[in-house]
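Asks: My file is upload-v2.csv. It has CSV, C-alpha atoms and all ligand atoms:
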```csv
chain,number,residue,atom,x,y,z
A,63,MET,CA,53.2,107.7,71.6
A,64,LYS,CA,55.8,110.0,73.1
A,65,LYS,CA,53.5,110.7,76.0
A,66,ALA,CA,52.8,107.0,76.7
A,67,PHE,CA,56.5,106.4,76.7
A,68,LEU,CA,57.1,109.2,79.1
A,69,LEU,CA,54.4,107.8,81.4
A,70,LEU,CA,56.0,104.4,81.3
A,71,ALA,CA,59.4,105.8,82.1
A,72,VAL,CA,57.9,107.7,85.1
A,73,VAL,CA,56.2,104.6,86.4
A,74,LEU,CA,59.3,102.5,86.0
A,75,MET,CA,61.4,105.1,87.8
A,76,ALA,CA,59.0,105.3,90.7
A,77,LEU,CA,58.7,101.5,91.0
A,78,PRO,CA,61.6,100.6,93.2
A,79,VAL,CA,60.6,103.4,95.6
A,80,ALA,CA,57.0,102.2,95.7
A,81,VAL,CA,58.1,98.6,96.1
A,82,PHE,CA,60.4,99.4,99.0
A,83,ALA,CA,58.1,101.9,100.6
A,84,ASN,CA,56.1,99.1,102.3
A,85,GLY,CA,59.2,98.0,104.2
A,86,ALA,CA,59.3,94.9,102.1
A,87,ASP,CA,59.2,94.0,98.4
A,88,GLU,CA,56.1,92.6,96.7
A,89,ASP,CA,56.2,89.2,98.3
A,90,GLY,CA,57.0,90.5,101.8
A,91,SER,CA,60.7,89.8,101.7
A,92,ILE,CA,63.1,91.8,103.9
A,93,VAL,CA,64.9,94.5,101.8
A,94,ILE,CA,68.6,95.1,102.8
A,95,GLY,CA,70.4,98.2,101.6
A,96,ALA,CA,74.1,97.3,101.5
A,97,ASN,CA,77.4,98.6,100.2
A,98,ILE,CA,81.0,97.5,99.7
A,99,TYR,CA,83.6,100.2,100.4
A,100,SER,CA,85.2,99.5,97.0
A,101,PHE,CA,84.4,96.9,94.4
A,102,ALA,CA,88.1,97.1,93.5
A,103,ASP,CA,89.1,95.3,96.8
A,104,ASN,CA,89.9,91.6,96.1
A,105,PHE,CA,88.6,90.3,99.5
A,106,MET,CA,85.4,92.4,99.7
A,107,ASN,CA,84.5,91.9,96.0
A,108,GLY,CA,85.7,88.3,95.6
A,109,VAL,CA,84.6,86.8,98.9
A,110,MET,CA,82.1,88.9,100.9
A,111,LYS,CA,80.0,90.3,98.1
A,112,PRO,CA,79.2,86.9,96.4
A,113,GLU,CA,78.3,85.4,99.7
A,114,LEU,CA,76.1,88.3,100.7
A,115,GLU,CA,74.2,87.8,97.5
A,116,ARG,CA,74.0,84.1,97.7
A,117,TYR,CA,73.1,84.0,101.4
A,118,ALA,CA,70.4,86.7,101.0
A,119,ALA,CA,68.8,84.7,98.3
A,120,GLU,CA,69.0,81.5,100.5
A,121,LYS,CA,67.3,83.4,103.3
A,122,GLY,CA,64.6,84.8,100.9
A,123,ALA,CA,65.8,88.4,101.5
A,124,VAL,CA,66.3,91.1,98.8
A,125,ILE,CA,69.7,92.7,98.9
A,126,GLU,CA,71.0,95.7,96.9
A,127,ILE,CA,74.8,96.2,97.1
A,128,VAL,CA,76.3,99.4,95.9
A,129,ASP,CA,79.9,100.3,95.2
A,130,SER,CA,81.1,103.2,97.4
A,131,GLU,CA,84.3,103.6,95.3
A,132,GLY,CA,86.5,104.3,98.3
A,133,GLN,CA,84.6,107.6,99.0
A,134,GLN,CA,82.9,108.1,102.4
A,135,ALA,CA,80.9,111.1,101.0
A,136,LYS,CA,79.6,108.8,98.3
A,137,LEU,CA,78.6,106.2,100.9
A,138,ASN,CA,76.8,108.9,102.9
A,139,ASP,CA,74.7,109.7,99.8
A,140,GLN,CA,74.0,106.1,99.1
A,141,ILE,CA,72.7,105.7,102.6
A,142,ASP,CA,70.4,108.6,102.1
A,143,VAL,CA,69.0,107.0,99.0
A,144,PHE,CA,68.5,103.7,100.8
A,145,ILE,CA,66.6,105.5,103.5
A,146,THR,CA,64.4,107.3,101.0
A,147,LYS,CA,63.6,104.0,99.3
A,148,GLY,CA,62.5,102.7,102.7
A,149,VAL,CA,64.8,99.6,103.0
A,150,ASP,CA,64.2,97.5,106.1
A,151,VAL,CA,67.8,97.4,107.3
A,152,LEU,CA,71.2,98.7,106.4
A,153,ALA,CA,74.4,96.6,106.1
A,154,ILE,CA,77.3,99.0,105.8
A,155,ASN,CA,81.0,98.6,105.0
A,156,LEU,CA,82.4,102.0,106.1
A,157,VAL,CA,84.9,103.6,103.8
A,158,ASP,CA,86.4,105.5,106.6
A,159,PRO,CA,86.4,103.6,109.9
A,160,ALA,CA,86.5,107.0,111.7
A,161,SER,CA,83.3,108.2,110.1
A,162,ALA,CA,80.8,105.8,111.8
A,163,SER,CA,79.1,108.5,113.8
A,164,SER,CA,77.5,110.2,110.8
A,165,VAL,CA,76.4,106.8,109.4
A,166,ILE,CA,74.9,105.7,112.7
A,167,GLU,CA,73.2,109.1,113.1
A,168,LYS,CA,71.5,108.7,109.7
A,169,ALA,CA,70.2,105.2,110.5
A,170,LYS,CA,69.0,106.4,114.0
A,171,ARG,CA,67.1,109.4,112.6
A,172,ALA,CA,65.4,107.1,110.1
A,173,GLY,CA,64.8,104.4,112.8
A,174,ILE,CA,66.4,101.8,110.5
A,175,PRO,CA,68.6,99.1,112.1
A,176,LEU,CA,72.2,99.1,111.0
A,177,VAL,CA,74.8,96.3,110.8
A,178,LEU,CA,78.3,97.6,110.2
A,179,PHE,CA,80.7,95.0,108.8
A,180,ASN,CA,84.4,94.5,108.0
A,181,LYS,CA,85.6,98.0,109.1
A,182,GLU,CA,85.1,98.4,112.8
A,183,ALA,CA,84.2,101.9,114.0
A,184,THR,CA,87.2,103.6,115.6
A,185,GLU,CA,85.4,106.5,117.4
A,186,ALA,CA,85.2,105.7,121.1
A,187,GLY,CA,81.8,105.0,122.4
A,188,VAL,CA,80.0,105.4,119.1
A,189,MET,CA,78.3,102.0,119.1
A,190,GLY,CA,76.5,103.1,122.3
A,191,THR,CA,74.8,106.0,120.6
A,192,TYR,CA,72.1,103.8,118.9
A,193,ASP,CA,70.4,100.7,120.3
A,194,LYS,CA,70.0,99.3,116.8
A,195,VAL,CA,73.6,99.2,115.6
A,196,TRP,CA,75.8,96.2,115.6
A,197,TYR,CA,79.2,95.1,114.1
A,198,VAL,CA,80.3,92.0,112.3
A,199,GLY,CA,84.0,91.4,111.7
A,200,THR,CA,87.0,89.7,113.3
A,201,ASN,CA,89.3,90.2,116.2
A,202,SER,CA,91.9,92.2,114.2
A,203,ALA,CA,94.8,91.4,116.4
A,204,GLU,CA,94.2,87.7,116.0
A,205,SER,CA,95.2,87.7,112.4
A,206,GLY,CA,98.6,89.4,113.2
A,207,ILE,CA,99.3,87.0,116.0
A,208,ILE,CA,98.5,83.9,113.9
A,209,GLN,CA,100.6,85.3,110.9
A,210,GLY,CA,103.4,86.2,113.3
A,211,GLU,CA,103.5,82.8,115.0
A,212,MET,CA,103.5,81.1,111.6
A,213,MET,CA,106.5,83.2,110.5
A,214,VAL,CA,108.4,82.6,113.7
A,215,ALA,CA,108.0,78.9,113.4
A,216,ASP,CA,109.2,78.9,109.8
A,217,TRP,CA,112.1,81.3,110.6
A,218,LEU,CA,113.3,78.9,113.3
A,219,ASN,CA,113.0,75.9,111.0
A,220,ASN,CA,114.9,77.6,108.1
A,221,PRO,CA,118.2,79.0,109.4
A,222,GLU,CA,119.2,79.9,105.8
A,223,TRP,CA,116.4,82.6,105.8
A,224,ASP,CA,118.8,84.7,107.9
A,225,LYS,CA,120.7,85.6,104.8
A,226,ASN,CA,123.3,87.8,106.5
A,227,GLY,CA,123.5,85.5,109.5
A,228,ASP,CA,123.1,88.4,112.0
A,229,GLY,CA,120.2,86.6,113.9
A,230,VAL,CA,117.9,89.6,113.0
A,231,VAL,CA,114.9,89.4,110.7
A,232,GLN,CA,115.3,92.2,108.0
A,233,TYR,CA,111.7,92.6,106.8
A,234,VAL,CA,109.6,94.8,104.6
A,235,MET,CA,105.9,95.3,105.3
A,236,LEU,CA,102.9,96.1,103.0
A,237,LYS,CA,100.5,97.6,105.6
A,238,GLY,CA,97.2,98.3,103.8
A,239,GLU,CA,94.9,101.1,104.8
A,240,PRO,CA,96.2,103.5,107.5
A,241,GLY,CA,93.7,103.8,110.4
A,242,HIS,CA,91.9,100.5,109.4
A,243,PRO,CA,91.8,98.4,112.6
A,244,ASP,CA,92.9,95.3,110.7
A,245,ALA,CA,95.9,97.0,109.1
A,246,GLU,CA,97.0,98.7,112.3
A,247,ALA,CA,96.7,95.5,114.5
A,248,ARG,CA,98.3,93.2,111.9
A,249,THR,CA,101.3,95.6,111.6
A,250,LEU,CA,101.9,95.5,115.3
A,251,GLU,CA,101.0,91.9,116.2
A,252,SER,CA,102.9,90.0,113.5
A,253,VAL,CA,106.2,91.7,114.4
A,254,LYS,CA,105.5,91.3,118.2
A,255,ALA,CA,105.4,87.5,117.7
A,256,PHE,CA,109.1,87.6,116.8
A,257,THR,CA,110.1,89.8,119.7
A,258,ARG,CA,108.0,87.6,122.0
A,259,ALA,CA,110.0,84.6,120.8
A,260,GLY,CA,113.3,86.5,121.5
A,261,ILE,CA,114.1,87.2,117.9
A,262,ASP,CA,115.1,90.7,116.9
A,263,VAL,CA,113.6,92.4,113.9
A,264,GLU,CA,114.7,95.2,111.7
A,265,GLN,CA,112.1,97.0,109.5
A,266,LEU,CA,113.7,98.0,106.2
A,267,ALA,CA,110.6,99.6,104.8
A,268,LEU,CA,106.8,99.9,105.4
A,269,GLU,CA,104.3,101.2,103.0
A,270,ALA,CA,100.6,102.0,103.5
A,271,ASP,CA,97.9,101.8,100.8
A,272,PRO,CA,94.3,102.8,101.4
A,273,ASN,CA,93.2,100.4,98.7
A,274,TRP,CA,95.1,97.3,99.9
A,275,SER,CA,95.8,96.7,96.2
A,276,THR,CA,97.8,94.3,94.1
A,277,GLN,CA,99.1,97.1,91.9
A,278,HIS,CA,100.5,98.8,95.0
A,279,GLY,CA,102.1,95.6,96.2
A,280,ASN,CA,103.8,95.1,92.9
A,281,ASP,CA,105.0,98.6,92.6
A,282,LYS,CA,106.4,98.8,96.1
A,283,MET,CA,108.1,95.4,96.0
A,284,GLN,CA,109.7,96.3,92.7
A,285,ALA,CA,111.0,99.6,94.1
A,286,TRP,CA,112.3,97.9,97.3
A,287,LEU,CA,114.1,95.2,95.3
A,288,SER,CA,115.9,97.8,93.3
A,289,SER,CA,116.7,100.0,96.3
A,290,SER,CA,119.9,100.1,98.3
A,291,PHE,CA,118.6,97.5,100.7
A,292,GLY,CA,117.0,95.2,98.0
A,293,ASP,CA,119.5,92.4,98.6
A,294,ASP,CA,119.0,92.5,102.4
A,295,ILE,CA,115.3,91.7,102.5
A,296,GLU,CA,114.8,88.4,104.3
A,297,LEU,CA,111.0,88.5,104.8
A,298,VAL,CA,108.0,90.1,103.1
A,299,ILE,CA,105.0,90.7,105.5
A,300,CYS,CA,101.8,91.5,103.7
A,301,ASN,CA,98.7,92.5,105.6
A,302,ASN,CA,96.4,91.1,103.0
A,303,ASP,CA,96.7,88.6,100.1
A,304,GLY,CA,95.8,91.2,97.4
A,305,MET,CA,99.0,93.2,98.1
A,306,ALA,CA,100.9,89.9,98.4
A,307,PHE,CA,99.9,88.9,94.9
A,308,GLY,CA,101.5,92.1,93.6
A,309,ALA,CA,104.7,91.5,95.6
A,310,ILE,CA,104.9,87.9,94.4
A,311,ASN,CA,104.7,89.2,90.8
A,312,ALA,CA,107.5,91.6,91.4
A,313,LEU,CA,109.6,88.9,93.0
A,314,LYS,CA,109.0,86.6,90.1
A,315,THR,CA,109.8,89.3,87.6
A,316,ALA,CA,113.1,89.9,89.4
A,317,GLY,CA,113.8,86.2,89.6
A,318,VAL,CA,114.1,86.5,93.4
A,319,VAL,CA,112.7,84.2,96.1
A,320,ILE,CA,112.0,85.7,99.6
A,321,PRO,CA,109.7,84.2,102.2
A,322,LEU,CA,106.3,86.0,102.0
A,323,TYR,CA,103.1,85.9,104.0
A,324,GLY,CA,99.6,87.3,103.6
A,325,VAL,CA,96.2,87.4,105.2
A,326,ASP,CA,92.8,86.4,103.8
A,327,ALA,CA,93.4,83.0,102.2
A,328,LEU,CA,91.9,84.0,98.9
A,329,ASP,CA,91.8,81.1,96.3
A,330,GLN,CA,94.8,82.6,94.4
A,331,ALA,CA,96.8,82.6,97.7
A,332,LEU,CA,96.2,78.8,98.0
A,333,THR,CA,97.6,78.4,94.5
A,334,HIS,CA,100.6,80.5,95.3
A,335,ILE,CA,101.2,78.3,98.4
A,336,ALA,CA,100.9,75.2,96.3
A,337,GLU,CA,103.5,76.6,93.9
A,338,GLY,CA,105.8,77.5,96.7
A,339,GLU,CA,105.5,81.3,96.0
A,340,MET,CA,103.9,82.1,99.3
A,341,ASN,CA,104.8,80.6,102.7
A,342,GLY,CA,101.5,81.1,104.5
A,343,THR,CA,98.3,83.2,104.9
A,344,VAL,CA,95.5,83.5,107.5
A,345,LEU,CA,91.9,82.7,106.6
A,346,ASN,CA,89.8,85.8,106.9
A,347,ASP,CA,86.5,84.0,106.9
A,348,GLY,CA,84.5,86.4,104.7
A,349,VAL,CA,81.9,83.7,104.0
A,350,ASN,CA,80.9,83.5,107.7
A,351,GLN,CA,81.2,87.3,108.1
A,352,SER,CA,78.7,87.7,105.3
A,353,ARG,CA,76.4,85.2,106.8
A,354,ALA,CA,76.6,86.7,110.3
A,355,THR,CA,76.0,90.2,108.8
A,356,LEU,CA,72.8,89.0,107.1
A,357,ASP,CA,71.6,86.9,110.1
A,358,LEU,CA,71.9,89.9,112.3
A,359,ALA,CA,70.4,92.3,109.7
A,360,ILE,CA,67.4,90.1,109.0
A,361,ASN,CA,66.7,89.5,112.7
A,362,ALA,CA,67.0,93.3,113.3
A,363,ALA,CA,64.6,94.0,110.5
A,364,GLN,CA,62.1,91.6,112.0
A,365,GLY,CA,62.5,93.3,115.4
A,366,VAL,CA,63.7,90.1,117.2
A,367,ASP,CA,66.9,89.7,119.1
A,368,VAL,CA,69.7,89.9,116.5
A,369,THR,CA,71.3,86.6,117.5
A,370,GLU,CA,68.1,84.6,117.8
A,371,GLY,CA,68.2,81.3,116.0
A,372,THR,CA,71.8,81.9,114.9
A,373,ILE,CA,75.2,80.5,115.8
A,374,TRP,CA,76.6,84.0,116.6
A,375,THR,CA,77.2,85.7,119.9
A,376,ILE,CA,77.6,89.4,120.7
A,377,GLU,CA,81.0,90.0,122.4
A,378,ASN,CA,79.8,92.7,124.8
A,379,ASN,CA,77.4,95.7,125.1
A,380,GLU,CA,80.2,98.2,124.3
A,381,THR,CA,81.5,96.8,121.0
A,382,LYS,CA,78.2,95.0,120.1
A,383,ALA,CA,80.4,92.9,117.9
A,384,VAL,CA,80.2,89.4,116.4
A,385,ARG,CA,83.8,88.3,115.7
A,386,VAL,CA,84.5,85.4,113.3
A,387,PRO,CA,87.7,83.6,114.1
A,388,TYR,CA,90.8,83.6,111.9
A,389,VAL,CA,92.6,80.3,110.9
A,390,PRO,CA,96.3,79.7,110.0
A,391,VAL,CA,96.8,78.5,106.4
A,392,THR,CA,100.1,76.8,105.7
A,393,PRO,CA,101.8,74.6,103.1
A,394,GLU,CA,100.7,71.7,105.3
A,395,ASN,CA,96.9,72.4,105.5
A,396,TYR,CA,96.1,74.8,102.6
A,397,GLN,CA,94.2,72.0,100.7
A,398,ASP,CA,91.5,72.0,103.4
A,399,PHE,CA,90.6,75.6,102.3
A,400,ARG,CA,90.1,75.0,98.6
A,501,LIG,C1,91.0,92.3,104.5
A,501,LIG,C2,91.6,93.1,103.4
A,501,LIG,C3,90.6,94.1,102.9
A,501,LIG,C4,90.0,94.9,104.0
A,501,LIG,C5,88.9,95.8,103.5
A,501,LIG,C6,90.4,93.2,105.6
A,501,LIG,O1,89.8,92.5,106.6
A,501,LIG,O2,91.9,91.4,105.1
A,501,LIG,O3,91.9,92.2,102.4
A,501,LIG,O4,91.2,94.9,101.9
A,501,LIG,O5,89.5,94.1,105.0
A,501,LIG,O6,88.4,96.6,104.5
A,502,CA,CA,119.3,88.8,109.1
```
Any chance you could put this one into structure tokens?
Ligand code: BGC
Ligand code: CA
Replies:
Amino acid sequence: MKKAFLLLAVVLMALPVAVFANGADEDGSIVIGANIYSFADNFMNGVMKPELERYAAEKGAVIEIVDSEGQQAKLNDQIDVFITKGVDVLAINLVDPASASSVIEKAKRAGIPLVLFNKEATEAGVMGTYDKVWYVGTNSAESGIIQGEMMVADWLNNPEWDKNGDGVVQYVMLKGEPGHPDAEARTLESVKAFTRAGIDVEQLALEADPNWSTQHGNDKMQAWLSSSFGDDIELVICNNDGMAFGAINALKTAGVVIPLYGVDALDQALTHIAEGEMNGTVLNDGVNQSRATLDLAINAAQGVDVTEGTIWTIENNETKAVRVPYVPVTPENYQDFR
């Protein structure tokens, strides 16, 4: 009895390995080994993960998505496991955008194609080190430019937003993850839109958060409101909606209304816009980024040109990137995104 049970356990444990070892599961489907850098991330867990799962099923592929819990070392181990299991292709959301080279090296040594998504590699030239690596994401700067232009237009239409009447925008910024191309580009570009329009800005505070989290947004906004410059804040710039939700909560708790903008266009952001608690956001099209990731991954696993039969184009041979466009979301058009 005991022996039979042990045997069964051994067989069950070996099963996934045996199944993947043929380069496909039982019915010949493509097997994709994937991760999300952290399941605690609103955008990655709420938008990209469900669409990766749904779209994989639609395409008849098998996807396993693991949580890297914000640890690059954990992701490296997870990739080793996927390689041992013999997955056909890897779809990887880097934890550390500066650690792509070790990930690419692993895939290359195993001869498995690799699609990086959402966090673009920051090491120069790294995409050229393997012929079977590609990137799916956005043009990071575009989100900041769109958010910035939206804020400039609203600022000009609402002279009362300049509370102290000095013609200068006193703002606070929730940045997100330092070193993340999206966080870095948004931080620069949104503010540049003001200076381009001839409007001076004054940064009262800026805080980074590797987790882009609601809790952080809440805590920082609360601290800022009760600081010496609390009454001077005229604009809250959030580099993602997750942090914006926290800031909105802190503002509501304090009974204060300050113009506030995010990025991502999560469902909850549309509700905040409807309720006048948020002035705008930028659609980060995670649904299409998920689809592009899998379209490329499945083609790569089949050994055909990655964009074959798809609507995507590769930007150039250096970045090897598919970039999904951002879209402005305002109180005028938010209902189109529900
Ligand atoms: C999103 C953020 C998210 C980050 C994760 C960005 O593109 O706007 O909400 O936290 O990706 O890497
Ligand atoms: Ca002012």
Asks: What are the closest atom pairs, with distances in Å to one decimal, for each residue of range 220-290 of chain A lying within 8 Å of range 159-176 of chain A, using all atoms listed in the file, rows by chain and rising residue number, as a Markdown table?
Replies:
```
| residue | atom | partner | partner_atom | distance |
| --- | --- | --- | --- | --- |
| A:Gly241 | CA | A:Pro159 | CA | 7.3 |
| A:His242 | CA | A:Pro159 | CA | 6.3 |
| A:Pro243 | CA | A:Pro159 | CA | 8.0 |
```
Asks: Around ligand LIG 501 (chain A), out to 7 Å and counting all atoms listed in the file, which residues are there? I want them as a PyMOL selection string.
Replies: chain A and resi 103-106+180-181+244+273-274+301-304+325-326+346
Asks: Any idea what the distance is between CA of Glu269 in chain A and CA of Asn311 in chain A?
Replies: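 CA of Asn311 in chain A lies at a distance of 17.1 Å from CA of Glu269 in chain A.
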Asks: Could you pull out the residues sitting within 8 Å of ligand CA 502 (chain A), using all atoms listed in the file, and write them as a list in words?
Replies: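 Checking all atoms listed in the file against ligand CA 502 (chain A) at 8 Å gives Trp223, Asp224, Lys225, Asn226, Gly227, Asp228, Gly229, Val230, Val231, Gln232, Asp294 and Glu296 of chain A.
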Asks: Between CA of Thr392 in chain A and CA of Ile373 in chain A, what distance in Å does the model show, to one decimal?
Replies: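 Answer for the CA of Thr392 in chain A to CA of Ile373 in chain A separation: 27.1 Å.
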Asks: Work out how far CA of Thr249 in chain A is from CA of Met235 in chain A, in Å to one decimal.
Replies: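 Result for CA of Met235 in chain A versus CA of Thr249 in chain A: 7.8 Å, one decimal.
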Asks: Pick from A:Asn97, A:Thr200, A:Ser352, A:Asn138: nearest to Glu377 in chain A, with all atoms listed in the file counted?
Replies: A:Thr200
Asks: Tell me which of A:Glu185, A:Glu264, A:Asp139, A:Asp158 sits closest to Tyr99 in chain A, counting all atoms listed in the file.
Replies: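 Among the listed residues, A:Asp158 lies closest to Tyr99 in chain A.
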Asks: What's the 8 Å shell around Phe101 in chain A, counting all atoms listed in the file, without same-chain residues fewer than 3 positions away, as a ChimeraX atom specification?
Replies: /A:98,104,106-107,129-131
Asks: Using only C-alpha atoms, find the one residue out of A:Gly132, A:Gly122, A:Gly342, A:Gly190 that sits nearest to Lys382 in chain A.
Replies: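 For Lys382 in chain A, the nearest of the given residues is A:Gly190.
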Asks: Got a sec: who's within 9 Å of Ile310 in chain A, counting all atoms listed in the file, leaving out chain neighbours fewer than 5 positions off, as a CSV table (one decimal) with C-alpha atoms, in the frame of the given file?
Replies:
```
chain,number,residue,atom,x,y,z
A,279,GLY,CA,102.1,95.6,96.2
A,280,ASN,CA,103.8,95.1,92.9
A,283,MET,CA,108.1,95.4,96.0
A,305,MET,CA,99.0,93.2,98.1
A,315,THR,CA,109.8,89.3,87.6
A,319,VAL,CA,112.7,84.2,96.1
A,322,LEU,CA,106.3,86.0,102.0
A,334,HIS,CA,100.6,80.5,95.3
A,339,GLU,CA,105.5,81.3,96.0
A,340,MET,CA,103.9,82.1,99.3
```
Asks: Between A:Ala186, A:Leu152, A:Leu218, A:Leu250, single out the one closest to Thr355 in chain A, counting all atoms listed in the file.
Replies: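 Answer, going by the shortest atom-to-atom distance: A:Leu152.
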Asks: Counting all atoms listed in the file, which of A:Lys282, A:Glu211, A:Val143, A:Ala96 gets nearest to Glu126 in chain A?
Replies: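 Of A:Lys282, A:Glu211, A:Val143, A:Ala96, the one nearest Glu126 in chain A is A:Ala96, counting all atoms listed in the file.
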Asks: With only C-alpha atoms as the atoms that count, which of A:Met189, A:Ala270, A:Ala362, A:Val214 lies nearest to Asn379 in chain A?
Replies: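 Counting only C-alpha atoms, the residue closest to Asn379 in chain A is A:Met189.
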Asks: Write out as a ChimeraX atom specification the residues lying within 8 Å of Gln209 in chain A, counting only C-alpha atoms and excluding same-chain residues fewer than 6 positions away.
Replies: /A:252,323-325,342-344,390
